[in-house]
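Here is work03.txt, consisting of compact mmCIF, C-alpha atoms:
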```
# COMPACT_ATOMS: atom_id res chain seq x y z
CA MET A 1 114.47 135.91 66.87
CA GLU A 2 111.33 134.98 68.73
CA LYS A 3 108.99 135.56 65.84
CA PHE A 4 109.10 132.91 63.18
CA ARG A 5 106.66 131.18 60.90
CA VAL A 6 105.73 127.59 61.50
CA LEU A 7 103.77 125.08 59.43
CA ILE A 8 102.27 122.07 61.21
CA VAL A 9 101.55 119.10 58.94
CA ASP A 10 99.49 116.32 60.48
CA ASP A 11 96.47 114.37 59.32
CA GLU A 12 95.02 114.04 62.84
CA ASP A 13 92.71 117.04 63.05
CA ASP A 14 92.48 117.14 66.84
CA PHE A 15 96.19 117.07 67.37
CA ARG A 16 96.88 119.65 64.67
CA GLU A 17 94.20 122.10 65.69
CA THR A 18 95.19 122.01 69.35
CA ILE A 19 98.88 122.47 68.72
CA VAL A 20 98.23 125.34 66.30
CA LYS A 21 96.07 127.02 68.94
CA ARG A 22 98.65 126.57 71.68
CA LEU A 23 101.52 127.84 69.55
CA ARG A 24 99.49 130.86 68.52
CA ALA A 25 98.94 131.54 72.18
CA ARG A 26 102.74 131.75 72.42
CA LYS A 27 102.64 134.45 69.76
CA LEU A 28 104.04 132.37 66.94
CA GLU A 29 102.81 132.65 63.37
CA VAL A 30 101.40 129.20 62.83
CA GLU A 31 99.46 127.48 60.08
CA GLY A 32 98.23 123.92 59.99
CA VAL A 33 97.58 121.64 57.04
CA GLU A 34 96.33 118.05 56.92
CA SER A 35 98.49 116.41 54.25
CA GLY A 36 101.85 116.32 52.52
CA GLU A 37 100.29 117.59 49.32
CA ALA A 38 98.77 120.55 51.13
CA ALA A 39 102.10 121.22 52.85
CA LEU A 40 103.92 121.47 49.52
CA LYS A 41 101.28 123.91 48.26
CA ALA A 42 101.54 125.95 51.45
CA VAL A 43 105.32 126.38 51.24
CA GLU A 44 104.96 127.48 47.63
CA ALA A 45 102.41 130.11 48.53
CA GLN A 46 104.07 131.42 51.66
CA ASP A 47 107.47 131.37 53.34
CA PHE A 48 107.81 129.22 56.44
CA ASP A 49 110.89 129.00 58.64
CA VAL A 50 110.13 125.70 60.31
CA VAL A 51 107.89 122.84 59.22
CA VAL A 52 106.75 120.20 61.71
CA LEU A 53 105.96 117.13 59.67
CA ASP A 54 104.15 113.97 60.70
CA VAL A 55 105.89 110.86 59.37
CA ARG A 56 102.82 108.73 58.86
CA MET A 57 100.12 110.25 56.71
CA PRO A 58 97.84 108.90 54.01
CA GLY A 59 98.78 110.01 50.51
CA LEU A 60 102.21 111.58 50.40
CA ASP A 61 103.92 110.34 53.56
CA GLY A 62 106.34 112.31 55.72
CA ILE A 63 109.51 111.08 54.03
CA GLU A 64 108.21 111.79 50.52
CA THR A 65 106.99 115.20 51.61
CA LEU A 66 110.37 115.97 53.19
CA LYS A 67 112.12 115.02 49.96
CA GLU A 68 109.93 117.30 47.85
CA LEU A 69 109.98 120.09 50.38
CA LYS A 70 113.78 120.14 50.56
CA LYS A 71 113.89 120.33 46.78
CA LYS A 72 111.64 123.37 46.76
CA LYS A 73 112.96 125.07 49.90
CA PRO A 74 116.33 123.68 50.92
CA LEU A 75 116.74 126.16 53.76
CA THR A 76 113.42 125.51 55.46
CA GLU A 77 114.10 123.40 58.52
CA VAL A 78 111.95 120.34 59.07
CA ILE A 79 111.21 118.61 62.36
CA MET A 80 109.82 115.13 61.89
CA LEU A 81 107.01 114.13 64.18
CA THR A 82 106.49 110.46 64.72
CA GLY A 83 103.99 108.41 66.66
CA HIS A 84 105.96 105.21 66.42
CA ALA A 85 109.67 104.66 66.69
CA SER A 86 111.36 103.53 63.52
CA VAL A 87 115.11 103.48 63.04
CA GLU A 88 114.89 103.17 59.31
CA SER A 89 112.62 106.15 58.80
CA GLY A 90 114.79 108.06 61.27
CA ILE A 91 117.93 107.39 59.31
CA GLN A 92 116.19 108.16 56.07
CA GLY A 93 114.81 111.40 57.45
CA MET A 94 118.15 112.59 58.82
CA GLN A 95 119.86 111.65 55.57
CA LEU A 96 117.31 113.69 53.65
CA GLY A 97 118.11 116.72 55.76
CA ALA A 98 115.55 116.71 58.56
CA PHE A 99 116.61 118.87 61.50
CA ASP A 100 115.35 116.58 64.24
CA TYR A 101 112.96 113.83 65.20
CA VAL A 102 110.34 114.20 67.88
CA MET A 103 108.24 111.42 69.33
CA LYS A 104 104.56 111.97 70.01
CA PRO A 105 103.36 112.87 72.55
CA VAL A 106 105.79 115.72 72.87
CA PRO A 107 105.66 118.33 75.62
CA LEU A 108 105.00 121.70 74.01
CA ASP A 109 108.02 123.34 75.62
CA GLU A 110 110.31 120.70 74.22
CA LEU A 111 108.88 121.11 70.75
CA LEU A 112 109.13 124.88 71.08
CA ASP A 113 112.77 124.51 72.07
CA LYS A 114 113.50 122.42 69.03
CA MET A 115 111.65 124.82 66.78
CA ARG A 116 113.74 127.69 68.11
CA GLN A 117 116.94 125.74 67.45
CA ALA A 118 115.72 124.86 63.97
CA TYR A 119 114.95 128.51 63.32
CA GLU A 120 118.37 129.54 64.63
CA ARG A 121 119.95 127.09 62.24
CA LYS A 122 117.99 128.51 59.33
CA CYS A 123 119.19 132.00 60.22
CA LEU A 124 122.78 130.74 60.46
CA GLN A 125 122.45 129.13 57.04
CA GLU A 126 121.08 132.30 55.55
CA GLY A 127 123.82 134.29 57.22
CA ILE A 128 121.38 136.48 59.13
CA ILE A 129 123.07 136.02 62.50
CA MET B 1 165.80 107.80 43.32
CA GLY B 2 168.33 107.01 40.57
CA GLY B 3 171.25 109.21 39.52
CA LYS B 4 174.93 108.60 39.98
CA LYS B 5 176.33 108.44 43.46
CA SER B 6 179.82 109.30 44.56
CA PRO B 7 181.89 106.53 46.13
CA LEU B 8 181.65 108.40 49.40
CA GLN B 9 177.85 108.28 49.29
CA VAL B 10 177.92 104.60 48.48
CA THR B 11 180.20 103.94 51.43
CA ALA B 12 178.00 105.99 53.74
CA ALA B 13 174.93 104.08 52.60
CA ARG B 14 176.70 100.76 53.18
CA LEU B 15 177.71 101.85 56.66
CA TRP B 16 174.17 102.89 57.37
CA GLN B 17 172.88 99.53 56.28
CA TRP B 18 175.44 97.51 58.22
CA PRO B 19 176.33 99.58 61.26
CA PHE B 20 178.46 96.83 62.72
CA LEU B 21 180.60 96.43 59.60
CA PRO B 22 183.35 98.83 60.77
CA ALA B 23 183.17 97.16 64.16
CA VAL B 24 183.86 93.79 62.57
CA VAL B 25 186.75 95.26 60.56
CA MET B 26 188.23 97.01 63.59
CA ALA B 27 187.70 93.96 65.77
CA THR B 28 189.55 91.83 63.22
CA ALA B 29 192.34 94.41 63.18
CA GLY B 30 192.36 94.39 66.96
CA VAL B 31 192.64 90.63 67.14
CA LEU B 32 195.45 90.71 64.56
CA LEU B 33 197.30 93.42 66.53
CA ASP B 34 196.83 91.37 69.63
CA TRP B 35 198.29 88.41 67.83
CA TRP B 36 201.32 90.50 66.81
CA GLY B 37 202.00 91.25 70.44
CA ARG B 38 200.32 94.61 70.83
CA PRO B 39 197.52 93.65 73.25
CA GLY B 40 196.85 97.21 74.50
CA LEU B 41 196.29 98.67 71.05
CA GLY B 42 194.17 95.68 70.04
CA LEU B 43 191.85 96.21 73.01
CA ILE B 44 191.43 99.93 72.22
CA PHE B 45 190.60 99.07 68.60
CA LEU B 46 188.05 96.57 69.75
CA GLY B 47 186.47 99.08 72.13
CA VAL B 48 186.21 101.84 69.50
CA ALA B 49 184.78 99.35 67.00
CA VAL B 50 182.01 98.15 69.28
CA TRP B 51 181.19 101.67 70.48
CA SER B 52 180.88 103.12 66.96
CA GLY B 53 178.67 100.26 65.92
CA LEU B 54 176.39 100.87 68.87
CA VAL B 55 176.19 104.60 68.15
CA VAL B 56 175.24 104.13 64.50
CA ASN B 57 172.72 101.46 65.39
CA HIS B 58 171.15 103.72 67.99
CA LEU B 59 170.90 106.61 65.54
CA ARG B 60 169.24 104.32 63.06
CA THR B 61 166.49 103.16 65.42
CA GLN B 62 165.86 106.73 66.55
CA LEU B 63 165.46 107.92 63.01
CA ALA B 64 163.14 105.05 62.13
CA GLN B 65 160.94 105.94 65.07
CA ALA B 66 160.81 109.58 64.06
CA GLU B 67 159.78 108.49 60.55
CA LYS B 68 156.87 106.39 61.79
CA PRO B 69 154.25 109.08 62.52
CA ARG B 70 155.10 110.83 59.29
CA LEU B 71 154.61 107.64 57.31
CA LEU B 72 151.33 107.01 59.13
CA MET B 73 150.15 110.52 58.27
CA GLU B 74 151.10 110.11 54.65
CA GLU B 75 149.30 106.81 54.53
CA ARG B 76 146.19 108.35 56.02
CA LEU B 77 146.28 111.30 53.65
CA LEU B 78 146.65 108.95 50.71
CA GLN B 79 143.73 106.92 52.02
CA THR B 80 141.58 110.06 52.32
CA GLN B 81 142.51 111.23 48.84
CA LYS B 82 141.77 107.82 47.43
CA LEU B 83 138.40 107.76 49.15
CA ALA B 84 137.60 111.27 47.94
CA ALA B 85 138.41 110.34 44.36
CA LEU B 86 136.40 107.14 44.66
CA GLY B 87 133.52 109.05 46.22
CA GLU B 88 133.49 111.52 43.38
CA MET B 89 133.42 108.74 40.84
CA ALA B 90 130.72 106.83 42.71
CA ALA B 91 128.63 110.00 42.96
CA GLY B 92 128.98 110.57 39.22
CA ILE B 93 127.88 107.03 38.47
CA SER B 94 124.98 107.36 40.92
CA HIS B 95 123.72 110.44 39.13
CA GLU B 96 123.91 108.67 35.79
CA ILE B 97 122.08 105.64 37.13
CA ASN B 98 119.37 107.67 38.83
CA ASN B 99 118.03 108.96 35.53
CA PRO B 100 117.32 105.59 33.90
CA LEU B 101 115.99 104.37 37.27
CA ALA B 102 113.49 107.21 37.32
CA ILE B 103 112.38 106.29 33.79
CA ILE B 104 112.03 102.59 34.62
CA ARG B 105 109.91 103.47 37.61
CA GLN B 106 107.82 105.89 35.64
CA GLU B 107 107.15 103.29 32.92
CA ALA B 108 106.32 100.59 35.45
CA GLU B 109 103.82 102.91 37.11
CA TRP B 110 102.33 103.70 33.72
CA LEU B 111 101.94 99.99 33.06
CA GLU B 112 100.15 99.70 36.39
CA GLU B 113 97.73 102.33 35.18
CA LEU B 114 97.19 100.51 31.89
CA LEU B 115 96.65 97.30 33.78
CA LYS B 116 93.51 98.73 35.33
CA VAL B 117 91.73 98.66 31.97
CA ALA B 118 93.54 95.69 30.46
CA ARG B 119 91.73 92.44 29.78
CA PHE B 120 93.20 89.00 30.19
CA GLN B 121 91.83 85.69 28.99
CA ASP B 122 92.92 84.07 32.20
CA ALA B 123 92.36 85.96 35.46
CA SER B 124 95.50 84.51 37.05
CA GLN B 125 97.60 86.28 34.42
CA LEU B 126 96.50 89.62 35.78
CA GLY B 127 97.80 88.74 39.22
CA GLU B 128 101.11 87.61 37.86
CA PHE B 129 101.45 90.73 35.77
CA ARG B 130 100.77 92.89 38.78
CA ASP B 131 103.24 91.00 41.00
CA SER B 132 105.90 91.33 38.38
CA LEU B 133 105.38 95.06 38.06
CA GLY B 134 105.43 95.44 41.81
CA GLU B 135 108.75 93.63 41.95
CA ILE B 136 110.22 95.92 39.30
CA ILE B 137 109.26 98.96 41.34
CA ARG B 138 110.62 97.41 44.55
CA GLN B 139 113.95 96.67 42.93
CA VAL B 140 114.14 100.17 41.47
CA GLU B 141 113.60 101.50 44.97
CA ARG B 142 116.38 99.24 46.25
CA ALA B 143 118.78 100.59 43.66
CA ARG B 144 117.65 104.13 44.40
CA GLU B 145 118.44 103.61 48.07
CA VAL B 146 122.02 102.70 47.17
CA THR B 147 122.49 105.64 44.86
CA SER B 148 121.01 108.10 47.33
CA LYS B 149 123.35 106.83 50.06
CA VAL B 150 126.35 107.12 47.78
CA LEU B 151 125.37 110.66 46.94
CA ASP B 152 124.94 111.34 50.64
CA LEU B 153 128.43 110.02 51.33
CA ALA B 154 129.99 112.21 48.66
CA ARG B 155 127.90 115.26 49.46
CA GLU B 156 129.80 118.33 50.48
CA ARG B 157 128.64 119.05 53.99
CA ARG B 158 129.01 122.42 55.49
CA ALA B 159 128.61 122.07 59.20
CA VAL B 160 126.24 124.59 60.77
CA ILE B 161 127.40 125.05 64.32
CA GLN B 162 125.04 125.47 67.24
CA LYS B 163 125.29 124.88 70.95
CA LEU B 164 123.91 121.42 71.63
CA ASP B 165 122.94 119.42 74.67
CA LEU B 166 124.71 116.18 73.81
CA ASN B 167 122.91 114.02 76.39
CA ARG B 168 119.54 115.18 75.20
CA LEU B 169 120.48 114.65 71.57
CA LEU B 170 121.64 111.12 72.29
CA GLU B 171 118.53 110.47 74.39
CA ASP B 172 116.29 111.58 71.50
CA MET B 173 118.00 109.17 69.14
CA ALA B 174 117.87 106.37 71.72
CA ARG B 175 114.11 106.88 72.04
CA LEU B 176 113.77 106.56 68.32
CA VAL B 177 115.23 103.05 68.33
CA GLU B 178 113.86 102.00 71.71
CA GLU B 179 110.64 100.43 70.51
CA GLU B 180 112.44 98.29 67.99
CA ALA B 181 114.91 97.31 70.71
CA ARG B 182 112.12 96.42 73.12
CA LYS B 183 110.51 94.13 70.57
CA ARG B 184 113.71 92.11 70.56
CA GLN B 185 114.19 92.39 74.31
CA ILE B 186 117.25 94.55 73.94
CA ILE B 187 117.76 97.01 76.77
CA ILE B 188 119.23 100.43 76.06
CA LYS B 189 121.19 101.62 79.07
CA ARG B 190 122.16 105.25 79.56
CA ASN B 191 125.30 106.21 81.30
CA PHE B 192 125.33 109.96 80.76
CA ALA B 193 127.85 112.33 82.31
CA GLU B 194 126.32 114.98 84.52
CA ASN B 195 127.05 118.67 84.03
CA LEU B 196 128.26 118.26 80.48
CA PRO B 197 128.94 121.70 79.02
CA PRO B 198 127.18 122.57 75.77
CA LEU B 199 128.77 121.08 72.69
CA GLU B 200 129.43 123.24 69.65
CA SER B 201 128.54 121.05 66.72
CA ASP B 202 126.11 120.38 63.89
CA GLY B 203 122.96 118.79 65.32
CA PRO B 204 121.47 117.06 62.27
CA LEU B 205 124.85 115.64 61.24
CA LEU B 206 125.58 114.36 64.73
CA ARG B 207 122.10 112.86 65.00
CA GLN B 208 122.60 111.06 61.73
CA ALA B 209 125.96 109.68 62.87
CA LEU B 210 124.62 108.51 66.24
CA LEU B 211 121.52 106.99 64.70
CA ASN B 212 123.73 104.99 62.35
CA LEU B 213 125.72 103.68 65.31
CA LEU B 214 122.54 102.76 67.19
CA LEU B 215 121.18 100.92 64.17
CA ASN B 216 124.49 99.16 63.80
CA ALA B 217 124.43 98.10 67.45
CA LEU B 218 120.88 96.77 67.09
CA GLN B 219 121.87 94.76 64.04
CA ALA B 220 124.97 93.40 65.71
CA ILE B 221 122.79 91.70 68.33
CA LYS B 222 121.49 88.65 66.54
CA THR B 223 119.90 86.87 69.49
CA GLU B 224 116.83 87.76 71.52
CA GLY B 225 117.86 89.92 74.41
CA GLY B 226 121.01 91.91 74.86
CA GLU B 227 122.20 95.31 75.87
CA ILE B 228 123.23 98.54 74.26
CA THR B 229 125.03 100.95 76.56
CA LEU B 230 125.31 104.61 75.71
CA THR B 231 127.96 106.53 77.59
CA THR B 232 128.96 110.18 77.50
CA THR B 233 132.08 111.35 79.28
CA TRP B 234 133.66 114.74 79.72
CA VAL B 235 137.19 113.45 79.23
CA ASP B 236 139.13 116.69 79.43
CA PRO B 237 138.31 120.40 79.35
CA ASP B 238 138.14 120.38 75.57
CA HIS B 239 136.70 117.00 74.63
CA VAL B 240 133.68 114.79 75.09
CA LYS B 241 133.55 111.09 74.46
CA ILE B 242 130.52 109.17 73.27
CA ALA B 243 130.59 105.39 73.48
CA VAL B 244 128.04 103.00 71.99
CA ARG B 245 128.58 99.47 73.27
CA ASP B 246 126.61 96.41 72.26
CA THR B 247 126.58 92.83 73.48
CA GLY B 248 126.31 91.57 69.93
CA GLU B 249 128.39 89.06 68.10
CA GLY B 250 131.46 91.28 67.80
CA MET B 251 133.98 90.90 65.04
CA ALA B 252 137.43 89.61 64.26
CA ALA B 253 140.39 91.89 63.55
CA ASP B 254 140.23 91.48 59.77
CA ILE B 255 136.62 92.64 59.66
CA ARG B 256 137.24 95.38 62.19
CA ALA B 257 139.95 96.82 59.93
CA LYS B 258 137.50 97.25 57.06
CA ILE B 259 134.41 98.30 58.93
CA PHE B 260 134.53 102.00 57.92
CA LEU B 261 135.22 101.32 54.25
CA PRO B 262 132.39 102.24 51.90
CA PHE B 263 130.44 99.22 50.63
CA PHE B 264 131.99 96.88 53.15
CA THR B 265 129.22 94.89 54.78
CA THR B 266 128.81 91.57 56.56
CA LYS B 267 125.10 91.53 55.90
CA PRO B 268 123.56 89.35 53.20
CA PRO B 269 123.03 91.04 49.83
CA GLY B 270 120.09 93.41 49.82
CA GLN B 271 120.08 93.98 53.57
CA GLY B 272 122.71 96.61 53.89
CA THR B 273 124.52 98.91 51.55
CA GLY B 274 127.68 98.98 53.66
CA LEU B 275 127.56 102.76 53.73
CA GLY B 276 126.21 103.48 57.21
CA LEU B 277 129.51 103.44 59.06
CA ALA B 278 131.36 105.08 56.18
CA ILE B 279 128.88 107.96 56.34
CA THR B 280 129.23 108.07 60.12
CA GLN B 281 133.00 108.34 59.90
CA THR B 282 132.80 111.05 57.24
CA ILE B 283 130.45 113.04 59.45
CA ILE B 284 132.58 112.67 62.60
CA HIS B 285 135.71 113.77 60.74
CA LYS B 286 133.77 116.72 59.37
CA LEU B 287 132.89 117.64 62.94
CA GLY B 288 136.56 117.58 63.90
CA GLY B 289 136.31 114.33 65.84
CA THR B 290 137.57 110.79 65.65
CA ILE B 291 135.79 107.46 65.71
CA THR B 292 137.32 104.15 66.73
CA VAL B 293 136.04 100.66 67.34
CA ALA B 294 137.04 97.99 69.82
CA SER B 295 135.68 94.52 69.28
CA ALA B 296 136.38 90.81 69.39
CA PRO B 297 134.28 87.82 68.32
CA GLN B 298 131.53 87.04 70.87
CA GLN B 299 132.64 90.03 72.95
CA GLY B 300 130.42 92.69 71.43
CA SER B 301 131.66 95.97 69.99
CA THR B 302 132.24 99.46 71.30
CA PHE B 303 132.29 102.45 69.00
CA THR B 304 133.92 105.49 70.55
CA ILE B 305 133.60 109.03 69.26
CA MET B 306 135.77 111.87 70.49
CA LEU B 307 134.53 115.36 69.77
CA PRO B 308 135.98 118.79 70.51
CA LEU B 309 133.65 120.82 72.74
CA LEU B 310 134.47 124.03 70.96
CA TRP B 311 134.18 124.26 67.23
CA GLU B 312 137.14 125.10 65.12
CA GLU B 313 136.90 125.37 61.37
CA GLN B 314 138.31 122.17 59.91
CA GLU B 315 141.08 122.26 57.38
CA GLU B 316 139.79 120.92 54.12
CA LEU B 317 141.71 117.92 52.89
CA PRO B 318 142.60 118.12 49.21
```
Can you turn what I pasted into C-alpha cells?
Amino acid sequence: MEKFRVLIVDDEDDFRETIVKRLRARKLEVEGVESGEAALKAVEAQDFDVVVLDVRMPGLDGIETLKELKKKKPLTEVIMLTGHASVESGIQGMQLGAFDYVMKPVPLDELLDKMRQAYERKCLQEGII
Amino acid sequence: MGGKKSPLQVTAARLWQWPFLPAVVMATAGVLLDWWGRPGLGLIFLGVAVWSGLVVNHLRTQLAQAEKPRLLMEERLLQTQKLAALGEMAAGISHEINNPLAIIRQEAEWLEELLKVARFQDASQLGEFRDSLGEIIRQVERAREVTSKVLDLARERRAVIQKLDLNRLLEDMARLVEEEARKRQIIIKRNFAENLPPLESDGPLLRQALLNLLLNALQAIKTEGGEITLTTTWVDPDHVKIAVRDTGEGMAADIRAKIFLPFFTTKPPGQGTGLGLAITQTIIHKLGGTITVASAPQQGSTFTIMLPLLWEEQEELP
C-alpha cells in the first residue's frame, strides 16, 4: 500500500514546490496546485487518494474547498494543513469530514505517517483491505 | 393492567403492600390468647407474626433492588429512542430550511452584484444598503451553521477502525487549541500515560469529539489565566480513560444533568448552538465508550471518556 496518489494544495509556492519534490523523492505520486479552485479541477481530472489542503488561501479557502471536494469525492481523504491554530476551523474541518489536522511546520515523516493512515482509511472505506 | 382479579390475587397483593399486616393480626391474636390465659401459645403466635413480616419485607426490598438496573436500562433506551426520533425530525427540518437559506443567500449575493452598478442620490445610502446586505448574508451563515450541525448530529456514522496512537492524537488536538489558550494565558497540561497500547478506533470521529471537549474547556474558563489538564490512563487491560479537566466556572447539578442534551446551552444566543457536547456523546457511544462529567460551581469540570482498546462492532439501537 506504499504507492498512493497525493495532491498538495497550498498557495505558498516555495512550501508547495519543496514538499512535492521531497515526497516524490520518497517515490510517491504527487501533484501540487496553488488554489482551492485548481484543487477541485485536479480531483475532477484525476483520482487522488489523499489531499493535503492548506486552510488559509486566497479565493476559495480550505474549509470551502473541503466542502466541495467531499461532495465530489466523498472517499478522498483530506488532511488539513494550518499555519495558525484555530479551534473553530478545526471543529468545522473535522465536522466536514477532514481526516486530520497538521500544524505547519510539520516534519515530513510525521506528515508521511498521517498520509499513510489516511490512505489506509480510504482503502478500508472502499473495502480494498 | 386491568382485568378481573381473583380474591386470592387481591389478598396476595394486599399482603405484598402491607407485609406487616398479618403480623399485626397474629400479634393481636397472640395478645388475646395471652389474655385468655394461654401465654405460651400467644408468644409463639407473636414470634411467627413478626418473623413472617420480616421475611416478606426482606423479599420486597430485594426485588425492588433487582428491578432498579432494569428500570434504568429501560429509561436509557427510551431516552435514546426519543433522541433518535427527535434527531430524525430535526434533520428533516434542517434539510427543508437549507434550501430557502441557499436561495436567500444567492439573491443577496446577486443584489451585491447589482449594487456595483447602482446609482444612489445620496452616497450614504449605498453604504447602508451594503451593510444591510452583509448582515443578511451573515445571518444566513449563522442559520446554516445550526442546520449543518443538526445534520451532523443525525448523520449515520459508520466507524472506520484503525490502530491509533491516542496520546499523539490528543496532542495534535491540544496543539490546535494551544495558541488560542496562550492568548488567554490558559496553560494546557499533559498528563499522558506511558506505554499505552494502540487504540482501535475511528480517528476523525475521536478527533472531533476531543476537539469539542477542548473547545468546551476553553469556553468554560471565563477569566484570564487557568489550566486545562489532559490525562490518559490505561485503566485495565481492555480500557483507556481520557480526562479533560478545566479550572473554569464549573456548573451546578441541574445544568450538569442537561449538558449532553441537544440544543442545551448556557451561552448567550448566537454564541453556541448547544450541539457540541451532544455530538461528542453521540460519537463516543458510537465508538463503544462512555462519557461522564464531574463538576461543581467554581470547582471546574472534568469530562471523562472511557474507551475499549479493542474494537467490537456496536449493536445498533433501534
Counting all atoms listed in the file, which residues of chain B sit at most 9 Å from some atom of chain A, and what is each one's closest atom pair with its distance in Å to one decimal, listed by chain and rising residue number, as a Markdown table?
```
| residue | atom | partner | partner_atom | distance |
| --- | --- | --- | --- | --- |
| B:Lys149 | CA | A:Gln95 | CA | 8.1 |
| B:Asp152 | CA | A:Gln95 | CA | 7.1 |
| B:Val160 | CA | A:Arg121 | CA | 6.9 |
| B:Ile161 | CA | A:Arg121 | CA | 8.0 |
| B:Gln162 | CA | A:Arg121 | CA | 7.3 |
| B:Asp172 | CA | A:Val102 | CA | 7.4 |
| B:Met173 | CA | A:Tyr101 | CA | 7.9 |
| B:Arg175 | CA | A:Ala85 | CA | 7.3 |
| B:Leu176 | CA | A:Ala85 | CA | 4.8 |
| B:Val177 | CA | A:Val87 | CA | 5.3 |
| B:Glu178 | CA | A:Ala85 | CA | 7.1 |
| B:Glu179 | CA | A:Ala85 | CA | 5.8 |
| B:Glu180 | CA | A:Ser86 | CA | 7.0 |
| B:Gly203 | CA | A:Phe99 | CA | 7.4 |
| B:Pro204 | CA | A:Phe99 | CA | 5.2 |
| B:Leu205 | CA | A:Met94 | CA | 7.7 |
| B:Arg207 | CA | A:Met94 | CA | 7.3 |
| B:Gln208 | CA | A:Met94 | CA | 5.5 |
| B:Leu211 | CA | A:Ile91 | CA | 6.5 |
| B:Asn212 | CA | A:Ile91 | CA | 7.0 |
| B:Leu214 | CA | A:Val87 | CA | 8.5 |
| B:Leu215 | CA | A:Val87 | CA | 6.7 |
```
List every residue of stretch 63-114 of chain A that has an atom at most 9 Å from any atom of stretch 8-23 of chain A, giving for each one its closest atom pair and the distance in Å to one decimal, counting only C-alpha atoms, sorted by chain and then by ascending residue number, as a Markdown table.
```
| residue | atom | partner | partner_atom | distance |
| --- | --- | --- | --- | --- |
| A:Leu81 | CA | A:Asp10 | CA | 8.7 |
| A:Leu108 | CA | A:Ile19 | CA | 8.1 |
| A:Leu112 | CA | A:Leu23 | CA | 8.3 |
```
Please, could you write that set of residues out with C-alpha atoms as an mmCIF file, in the coordinates of the input?
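Saved as out.cif:
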```cif
data_model
loop_
_atom_site.group_PDB
_atom_site.id
_atom_site.type_symbol
_atom_site.label_atom_id
_atom_site.label_comp_id
_atom_site.auth_asym_id
_atom_site.auth_seq_id
_atom_site.Cartn_x
_atom_site.Cartn_y
_atom_site.Cartn_z
ATOM 1 C CA LEU A 81 107.010 114.130 64.180
ATOM 2 C CA LEU A 108 105.000 121.700 74.010
ATOM 3 C CA LEU A 112 109.130 124.880 71.080
#
```
request  = Choose the residue, out of A:Glu44, A:Glu77, A:Asp61, A:Glu37, that has the smallest atom-to-atom separation from A:Met115; count only C-alpha atoms.
outcome  = A:Glu77
query = Expressed in Å to a single decimal, how great is the separation between atom CA of B:Asp165 and atom CA of B:Leu310?
reply =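 If I compute the distance from atom CA of B:Asp165 to atom CA of B:Leu310, I get 13.0 Å.
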request  = Figure out the distance between atom CA of A:Glu110 and atom CA of B:Ile283, please, to one decimal in Å.
outcome  =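 For atom CA of B:Ile283 relative to atom CA of A:Glu110, the distance reads 26.1 Å.
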message = Taking 6 positions as the minimum chain separation for residues in the same chain, which residues sit within 7 Å of stretch 274-277 of chain B when counting all atoms listed in the file? Answer as a PyMOL selection string.
response = chain B and resi 149+212+260+262-265
request  = Between atom CA of B:Glu227 and atom CA of B:Gln298, measure the distance and give it in Å to one decimal.
outcome  = 13.4 Å
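For A:Val51, the set of protein, DNA and RNA residues having any atom at most 10 Å away, when counting all atoms listed in the file and skipping those fewer than 2 positions along the same chain, is A:Arg5, A:Val6, A:Leu7, A:Ile8, A:Val9, A:Val30, A:Glu31, A:Gly32, A:Ala39, A:Val43, A:Phe48, A:Asp49, A:Leu53, A:Asp54, A:Leu66, A:Leu69, A:Thr76, A:Glu77, A:Val78, A:Ile79, A:Met80, A:Ala98, A:Phe99, A:Met115, A:Ala118, A:Tyr119.
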Those same residues, written as a PDB file, keeping the file's coordinate frame with C-alpha atoms?
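Written file, out_2.pdb:
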```pdb
ATOM      1  CA  ARG A   5     106.660 131.180  60.900  1.00  0.00           C
ATOM      2  CA  VAL A   6     105.730 127.590  61.500  1.00  0.00           C
ATOM      3  CA  LEU A   7     103.770 125.080  59.430  1.00  0.00           C
ATOM      4  CA  ILE A   8     102.270 122.070  61.210  1.00  0.00           C
ATOM      5  CA  VAL A   9     101.550 119.100  58.940  1.00  0.00           C
ATOM      6  CA  VAL A  30     101.400 129.200  62.830  1.00  0.00           C
ATOM      7  CA  GLU A  31      99.460 127.480  60.080  1.00  0.00           C
ATOM      8  CA  GLY A  32      98.230 123.920  59.990  1.00  0.00           C
ATOM      9  CA  ALA A  39     102.100 121.220  52.850  1.00  0.00           C
ATOM     10  CA  VAL A  43     105.320 126.380  51.240  1.00  0.00           C
ATOM     11  CA  PHE A  48     107.810 129.220  56.440  1.00  0.00           C
ATOM     12  CA  ASP A  49     110.890 129.000  58.640  1.00  0.00           C
ATOM     13  CA  LEU A  53     105.960 117.130  59.670  1.00  0.00           C
ATOM     14  CA  ASP A  54     104.150 113.970  60.700  1.00  0.00           C
ATOM     15  CA  LEU A  66     110.370 115.970  53.190  1.00  0.00           C
ATOM     16  CA  LEU A  69     109.980 120.090  50.380  1.00  0.00           C
ATOM     17  CA  THR A  76     113.420 125.510  55.460  1.00  0.00           C
ATOM     18  CA  GLU A  77     114.100 123.400  58.520  1.00  0.00           C
ATOM     19  CA  VAL A  78     111.950 120.340  59.070  1.00  0.00           C
ATOM     20  CA  ILE A  79     111.210 118.610  62.360  1.00  0.00           C
ATOM     21  CA  MET A  80     109.820 115.130  61.890  1.00  0.00           C
ATOM     22  CA  ALA A  98     115.550 116.710  58.560  1.00  0.00           C
ATOM     23  CA  PHE A  99     116.610 118.870  61.500  1.00  0.00           C
ATOM     24  CA  MET A 115     111.650 124.820  66.780  1.00  0.00           C
ATOM     25  CA  ALA A 118     115.720 124.860  63.970  1.00  0.00           C
ATOM     26  CA  TYR A 119     114.950 128.510  63.320  1.00  0.00           C
TER      27      TYR A 119
END
```
inquiry  = Could you check the closest approach to B:Pro308 for each of B:Arg168, B:Lys241, B:Lys258, B:Arg158 and tell me which residue wins, using all atoms listed in the file?
reply    =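 Closest to B:Pro308, using all atoms listed in the file: B:Lys241.
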query = Hey, what's within 8 Å of B:Leu213 if we count all atoms listed in the file and toss same-chain stuff fewer than 6 positions away? As a list in words, please?
reply = Val244, Leu277, Thr280 and Phe303 of chain B
key: Among listed residues B:Leu261, B:Val150, B:Leu210, B:Leu230, nearest B:Gly87 (using only C-alpha atoms)   =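 Result for the nearest residue to B:Gly87: B:Val150.
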Please determine an axis-aligned box that encloses all atoms of stretch 41-55 of chain A listed in the file, with 4 Å added on each side, and express its centre and edge lengths in Å to one decimal as AutoDock Vina command-line options.
```
--center_x 106.1 --center_y 121.1 --center_z 54.7 --size_x 17.6 --size_y 28.6 --size_z 22.1
```
